[in-house]
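To be precise, the following lines are my_file_28.pdb, and they hold PDB, C-alpha atoms.
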MODEL        1
ATOM      1  CA  MET A  23     105.387  49.961  32.437  1.00  0.00           C
ATOM      2  CA  THR A  24     105.084  47.999  35.636  1.00  0.00           C
ATOM      3  CA  ARG A  25     102.928  49.241  38.481  1.00  0.00           C
ATOM      4  CA  LEU A  26     106.023  49.441  40.734  1.00  0.00           C
ATOM      5  CA  ARG A  27     107.812  51.685  38.223  1.00  0.00           C
ATOM      6  CA  ALA A  28     104.730  53.876  37.999  1.00  0.00           C
ATOM      7  CA  VAL A  29     104.541  54.190  41.797  1.00  0.00           C
ATOM      8  CA  LEU A  30     108.251  55.058  41.972  1.00  0.00           C
ATOM      9  CA  ALA A  31     107.773  57.639  39.207  1.00  0.00           C
ATOM     10  CA  ALA A  32     104.847  59.135  41.154  1.00  0.00           C
ATOM     11  CA  VAL A  33     107.058  59.502  44.232  1.00  0.00           C
ATOM     12  CA  VAL A  34     109.798  61.186  42.163  1.00  0.00           C
ATOM     13  CA  VAL A  35     107.295  63.594  40.577  1.00  0.00           C
ATOM     14  CA  LEU A  36     105.765  64.389  43.964  1.00  0.00           C
ATOM     15  CA  LEU A  37     109.213  65.128  45.416  1.00  0.00           C
ATOM     16  CA  ALA A  38     110.025  67.309  42.395  1.00  0.00           C
ATOM     17  CA  GLY A  39     106.809  69.261  42.955  1.00  0.00           C
ATOM     18  CA  LEU A  40     107.611  69.760  46.627  1.00  0.00           C
ATOM     19  CA  GLY A  41     111.129  70.851  45.658  1.00  0.00           C
ATOM     20  CA  VAL A  42     109.820  73.407  43.182  1.00  0.00           C
ATOM     21  CA  ARG A  43     107.529  74.838  45.855  1.00  0.00           C
ATOM     22  CA  ALA A  44     110.283  74.884  48.481  1.00  0.00           C
ATOM     23  CA  PHE A  45     113.153  76.283  46.421  1.00  0.00           C
ATOM     24  CA  THR A  46     111.575  78.504  43.783  1.00  0.00           C
ATOM     25  CA  GLY A  47     108.829  81.051  43.670  1.00  0.00           C
ATOM     26  CA  GLY A  48     106.690  83.286  41.548  1.00  0.00           C
ATOM     27  CA  VAL A  49     105.386  82.456  38.119  1.00  0.00           C
ATOM     28  CA  PHE A  50     107.954  79.702  37.571  1.00  0.00           C
ATOM     29  CA  ALA A  51     106.883  77.831  40.704  1.00  0.00           C
ATOM     30  CA  LYS A  52     103.214  78.181  39.853  1.00  0.00           C
ATOM     31  CA  TYR A  53     103.373  76.892  36.295  1.00  0.00           C
ATOM     32  CA  ALA A  54     106.068  74.298  36.967  1.00  0.00           C
ATOM     33  CA  GLY A  55     103.779  73.031  39.713  1.00  0.00           C
ATOM     34  CA  VAL A  56     100.841  72.880  37.300  1.00  0.00           C
ATOM     35  CA  ALA A  57     102.910  70.931  34.747  1.00  0.00           C
ATOM     36  CA  LEU A  58     104.187  68.567  37.457  1.00  0.00           C
ATOM     37  CA  TYR A  59     100.607  68.055  38.658  1.00  0.00           C
ATOM     38  CA  ALA A  60      99.774  66.898  35.124  1.00  0.00           C
ATOM     39  CA  VAL A  61     102.790  64.572  35.076  1.00  0.00           C
ATOM     40  CA  LEU A  62     101.638  63.145  38.405  1.00  0.00           C
ATOM     41  CA  VAL A  63      98.126  62.553  37.041  1.00  0.00           C
ATOM     42  CA  TYR A  64      99.668  60.811  34.005  1.00  0.00           C
ATOM     43  CA  VAL A  65     101.766  58.561  36.231  1.00  0.00           C
ATOM     44  CA  LEU A  66      98.766  57.804  38.467  1.00  0.00           C
ATOM     45  CA  VAL A  67      96.877  56.709  35.355  1.00  0.00           C
ATOM     46  CA  LEU A  68      99.702  54.205  34.838  1.00  0.00           C
ATOM     47  CA  VAL A  69      99.517  53.106  38.474  1.00  0.00           C
ATOM     48  CA  VAL A  70      95.883  52.189  37.875  1.00  0.00           C
ATOM     49  CA  ALA A  71      96.433  50.772  34.361  1.00  0.00           C
ATOM     50  CA  PRO A  72     100.152  49.971  33.938  1.00  0.00           C
ATOM     51  CA  ARG A  73      99.745  48.360  30.496  1.00  0.00           C
ATOM     52  CA  LEU A  74      98.078  51.402  28.980  1.00  0.00           C
ATOM     53  CA  ARG A  75      99.910  52.756  25.951  1.00  0.00           C
ATOM     54  CA  PRO A  76     101.245  56.332  25.854  1.00  0.00           C
ATOM     55  CA  LEU A  77      98.523  57.960  23.728  1.00  0.00           C
ATOM     56  CA  PRO A  78      95.526  56.742  25.776  1.00  0.00           C
ATOM     57  CA  SER A  79      97.448  57.526  28.965  1.00  0.00           C
ATOM     58  CA  ALA A  80      98.011  61.078  27.759  1.00  0.00           C
ATOM     59  CA  ALA A  81      94.386  61.518  26.709  1.00  0.00           C
ATOM     60  CA  ILE A  82      93.067  60.324  30.066  1.00  0.00           C
ATOM     61  CA  ALA A  83      95.546  62.424  32.069  1.00  0.00           C
ATOM     62  CA  LEU A  84      94.797  65.580  30.099  1.00  0.00           C
ATOM     63  CA  ALA A  85      91.036  64.986  30.380  1.00  0.00           C
ATOM     64  CA  VAL A  86      91.323  64.586  34.169  1.00  0.00           C
ATOM     65  CA  CYS A  87      93.460  67.717  34.542  1.00  0.00           C
ATOM     66  CA  TRP A  88      91.166  69.811  32.380  1.00  0.00           C
ATOM     67  CA  ALA A  89      88.087  68.448  34.155  1.00  0.00           C
ATOM     68  CA  VAL A  90      89.544  69.500  37.511  1.00  0.00           C
ATOM     69  CA  GLU A  91      90.368  72.955  36.129  1.00  0.00           C
ATOM     70  CA  PHE A  92      86.906  73.478  34.631  1.00  0.00           C
ATOM     71  CA  PHE A  93      85.347  72.184  37.855  1.00  0.00           C
ATOM     72  CA  GLN A  94      86.955  75.224  39.495  1.00  0.00           C
ATOM     73  CA  LEU A  95      84.452  77.383  37.622  1.00  0.00           C
ATOM     74  CA  SER A  96      81.919  76.143  40.175  1.00  0.00           C
ATOM     75  CA  PRO A  97      82.082  77.199  43.848  1.00  0.00           C
ATOM     76  CA  ILE A  98      82.552  73.610  45.086  1.00  0.00           C
ATOM     77  CA  PRO A  99      86.376  73.332  44.878  1.00  0.00           C
ATOM     78  CA  ALA A 100      86.837  76.674  46.660  1.00  0.00           C
ATOM     79  CA  GLU A 101      84.501  75.583  49.457  1.00  0.00           C
ATOM     80  CA  LEU A 102      86.250  72.222  49.811  1.00  0.00           C
ATOM     81  CA  SER A 103      89.670  73.901  49.703  1.00  0.00           C
ATOM     82  CA  GLU A 104      88.728  76.122  52.639  1.00  0.00           C
ATOM     83  CA  ARG A 105      88.022  73.018  54.727  1.00  0.00           C
ATOM     84  CA  SER A 106      90.827  70.717  53.637  1.00  0.00           C
ATOM     85  CA  ALA A 107      94.457  71.159  52.632  1.00  0.00           C
ATOM     86  CA  LEU A 108      94.245  67.882  50.707  1.00  0.00           C
ATOM     87  CA  ALA A 109      91.255  69.154  48.713  1.00  0.00           C
ATOM     88  CA  ARG A 110      93.202  72.356  47.989  1.00  0.00           C
ATOM     89  CA  LEU A 111      96.152  70.317  46.651  1.00  0.00           C
ATOM     90  CA  ILE A 112      93.983  68.045  44.511  1.00  0.00           C
ATOM     91  CA  LEU A 113      91.238  70.393  43.315  1.00  0.00           C
ATOM     92  CA  GLY A 114      92.696  73.874  43.650  1.00  0.00           C
ATOM     93  CA  SER A 115      90.225  76.665  44.208  1.00  0.00           C
ATOM     94  CA  THR A 116      90.006  79.067  41.264  1.00  0.00           C
ATOM     95  CA  PHE A 117      89.941  78.641  37.500  1.00  0.00           C
ATOM     96  CA  ASN A 118      93.036  79.905  35.683  1.00  0.00           C
ATOM     97  CA  ALA A 119      92.965  79.555  31.883  1.00  0.00           C
ATOM     98  CA  PRO A 120      96.786  79.395  31.443  1.00  0.00           C
ATOM     99  CA  ASP A 121      96.770  76.254  33.587  1.00  0.00           C
ATOM    100  CA  LEU A 122      95.094  74.446  30.672  1.00  0.00           C
ATOM    101  CA  LEU A 123      98.208  75.040  28.552  1.00  0.00           C
ATOM    102  CA  TRP A 124     100.597  73.997  31.328  1.00  0.00           C
ATOM    103  CA  TYR A 125      98.628  70.784  31.922  1.00  0.00           C
ATOM    104  CA  ALA A 126      99.125  70.001  28.238  1.00  0.00           C
ATOM    105  CA  VAL A 127     102.854  70.729  28.558  1.00  0.00           C
ATOM    106  CA  GLY A 128     103.183  68.389  31.538  1.00  0.00           C
ATOM    107  CA  VAL A 129     101.212  65.634  29.821  1.00  0.00           C
ATOM    108  CA  ALA A 130     103.285  66.059  26.640  1.00  0.00           C
ATOM    109  CA  VAL A 131     106.516  65.627  28.606  1.00  0.00           C
ATOM    110  CA  ALA A 132     105.142  62.553  30.402  1.00  0.00           C
ATOM    111  CA  TYR A 133     103.910  61.149  27.069  1.00  0.00           C
ATOM    112  CA  ALA A 134     107.344  61.638  25.463  1.00  0.00           C
ATOM    113  CA  VAL A 135     109.129  59.889  28.330  1.00  0.00           C
ATOM    114  CA  HIS A 136     106.591  57.046  28.427  1.00  0.00           C
ATOM    115  CA  ALA A 137     106.775  56.574  24.644  1.00  0.00           C
ATOM    116  CA  ALA A 138     110.591  56.557  24.701  1.00  0.00           C
ATOM    117  CA  VAL A 139     110.738  54.066  27.564  1.00  0.00           C
ATOM    118  CA  THR A 140     108.133  51.873  25.890  1.00  0.00           C
ATOM    119  CA  ARG A 141     109.969  51.915  22.543  1.00  0.00           C
ATOM    120  CA  ARG A 142     113.459  51.494  23.944  1.00  0.00           C
ATOM    121  CA  GLY A 143     113.026  49.283  26.861  1.00  0.00           C
ATOM    122  CA  GLY A 144     111.220  46.584  26.579  1.00  0.00           C
ATOM    123  CA  GLU A 145     107.532  46.718  26.048  1.00  0.00           C
ATOM    124  CA  GLY A 146     105.894  45.358  22.950  1.00  0.00           C
ATOM    125  CA  PRO A 147     102.363  46.019  21.788  1.00  0.00           C
ATOM    126  CA  ARG A 148      99.818  46.526  24.567  1.00  0.00           C
ATOM    127  CA  GLY A 149     102.561  47.081  27.164  1.00  0.00           C
ATOM    128  CA  VAL A 150     103.521  43.406  27.410  1.00  0.00           C
ATOM    129  CA  PRO A 151     107.216  42.977  28.265  1.00  0.00           C
ATOM    130  CA  ARG A 152     109.145  41.775  25.207  1.00  0.00           C
ATOM    131  CA  ARG A 153     110.525  38.795  27.136  1.00  0.00           C
ATOM    132  CA  ALA A 154     106.993  37.560  27.780  1.00  0.00           C
ATOM    133  CA  GLU A 155     106.047  38.294  24.185  1.00  0.00           C
ATOM    134  CA  ALA A 156     109.014  36.270  22.903  1.00  0.00           C
ATOM    135  CA  ALA A 157     108.162  33.369  25.217  1.00  0.00           C
ATOM    136  CA  ARG A 158     104.688  33.159  23.700  1.00  0.00           C
ATOM    137  CA  SER A 159     106.023  32.967  20.124  1.00  0.00           C
TER     138      SER A 159
ENDMDL
END
Show me, as structure tokens, the structure contained in the file I just sent.
Amino acid sequence: MTRLRAVLAAVVVLLAGLGVRAFTGGVFAKYAGVALYAVLVYVLVLVVAPRLRPLPSAAIALAVCWAVEFFQLSPIPAELSERSALARLILGSTFNAPDLLWYAVGVAVAYAVHAAVTRRGGEGPRGVPRRAEAARS
């Protein structure tokens, strides 16, 4: 995946998250938001490392999401969230065990899309575009 595609995907996911918050509510909005947060983390991993394959991308994204959630067991995220809306969006404030499942759901969806795009479209081993791979042969 190219860095530009990853950035565009991040924008789409962010807009989807804002749409879920604006047009839905309740339990659906909460857990859809958690899953979309995980998708966003996955895509941001690809912004940083666009040639990363799907499985390592998924592992890193899930580890980051779970680390943030477990960090909420300490008082630090709640304190930071009181002072900053950005900290509240990134870190949350309170631990919620079901979020761990919904992070995994979001990462699984992102993994499936990334794997399908990688297989179908045009990336060979190590994320190198097939055109470049063919030119080297």
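In this comparison, which uses only C-alpha atoms, the residue of A:Arg110, A:Phe92, A:Tyr53, A:Val61 approaching Leu36 (chain A) most closely is A:Val61.
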Could you tell me, as a PDB file with C-alpha atoms, in the frame of the given file, which residues have any atom at most 9 Å from (99.3, 63.2, 28.5), counting only C-alpha atoms?
ATOM      1  CA  ALA A  60      99.774  66.898  35.124  1.00  0.00           C
ATOM      2  CA  VAL A  61     102.790  64.572  35.076  1.00  0.00           C
ATOM      3  CA  VAL A  63      98.126  62.553  37.041  1.00  0.00           C
ATOM      4  CA  TYR A  64      99.668  60.811  34.005  1.00  0.00           C
ATOM      5  CA  PRO A  76     101.245  56.332  25.854  1.00  0.00           C
ATOM      6  CA  LEU A  77      98.523  57.960  23.728  1.00  0.00           C
ATOM      7  CA  PRO A  78      95.526  56.742  25.776  1.00  0.00           C
ATOM      8  CA  SER A  79      97.448  57.526  28.965  1.00  0.00           C
ATOM      9  CA  ALA A  80      98.011  61.078  27.759  1.00  0.00           C
ATOM     10  CA  ALA A  81      94.386  61.518  26.709  1.00  0.00           C
ATOM     11  CA  ILE A  82      93.067  60.324  30.066  1.00  0.00           C
ATOM     12  CA  ALA A  83      95.546  62.424  32.069  1.00  0.00           C
ATOM     13  CA  LEU A  84      94.797  65.580  30.099  1.00  0.00           C
ATOM     14  CA  ALA A  85      91.036  64.986  30.380  1.00  0.00           C
ATOM     15  CA  TYR A 125      98.628  70.784  31.922  1.00  0.00           C
ATOM     16  CA  ALA A 126      99.125  70.001  28.238  1.00  0.00           C
ATOM     17  CA  VAL A 127     102.854  70.729  28.558  1.00  0.00           C
ATOM     18  CA  GLY A 128     103.183  68.389  31.538  1.00  0.00           C
ATOM     19  CA  VAL A 129     101.212  65.634  29.821  1.00  0.00           C
ATOM     20  CA  ALA A 130     103.285  66.059  26.640  1.00  0.00           C
ATOM     21  CA  VAL A 131     106.516  65.627  28.606  1.00  0.00           C
ATOM     22  CA  ALA A 132     105.142  62.553  30.402  1.00  0.00           C
ATOM     23  CA  TYR A 133     103.910  61.149  27.069  1.00  0.00           C
ATOM     24  CA  ALA A 134     107.344  61.638  25.463  1.00  0.00           C
TER      25      ALA A 134
END
* With the file shown as input, list the residues that the PyMOL selection byres ((chain A and resi 115-123) around 9) selects, as a list of chain:residue names. =>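 In the shown coordinates, the PyMOL selection byres ((chain A and resi 115-123) around 9) covers A:Tyr53, A:Val56, A:Ala57, A:Leu84, A:Cys87, A:Trp88, A:Glu91, A:Phe92, A:Phe93, A:Gln94, A:Leu95, A:Ser96, A:Pro97, A:Ile98, A:Pro99, A:Ala100, A:Glu101, A:Leu102, A:Ser103, A:Glu104, A:Ala109, A:Arg110, A:Leu113, A:Gly114, A:Trp124, A:Tyr125, A:Ala126, A:Val127, A:Gly128.
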Please give the centre and size of the box around region 89-95 of chain A (axis-aligned, containing every atom listed in the file, 3 Å added per side), with values in Å to one decimal and written as AutoDock Vina command-line options.
--center_x 87.4 --center_y 72.9 --center_z 36.8 --size_x 11.9 --size_y 14.9 --size_z 11.3
* Go ahead and compute the interatomic distance for CA of Arg105 (chain A) and CA of Leu68 (chain A), in Å to one decimal. => 29.8 Å
* To do: Kindly give the distance, in Å, that separates CA of Arg73 (chain A) and CA of Thr24 (chain A), rounded to a single decimal.
  => 7.4 Å
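CA of Tyr59 (chain A) to CA of Thr140 (chain A) spans 21.9 Å [interatomic distance, one decimal].
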* To do: Given the file shown, enumerate the residues that the PyMOL selection byres ((chain A and resi 31) around 10) captures and present them as a list of chain:residue names.
  =>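 So the PyMOL selection byres ((chain A and resi 31) around 10) ends up selecting A:Arg25, A:Leu26, A:Arg27, A:Ala28, A:Val29, A:Leu30, A:Ala32, A:Val33, A:Val34, A:Val35, A:Leu36, A:Leu37, A:Val61, A:Leu62, A:Val65, A:Leu66, A:Leu68, A:Val69.
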* Counting all atoms listed in the file, which of A:Ala138, A:Ala54, A:Leu108, A:Met23 gets nearest to Gly41 (chain A)? ->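 Distance minimum relative to Gly41 (chain A) lands on A:Ala54.
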* **For Leu111 (chain A), the nearest of the candidates A:Ala89, A:Phe45, A:Val139, A:Leu40, counting only C-alpha atoms** =>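 When distances to Leu111 (chain A) are compared using only C-alpha atoms, the smallest one comes from A:Leu40.
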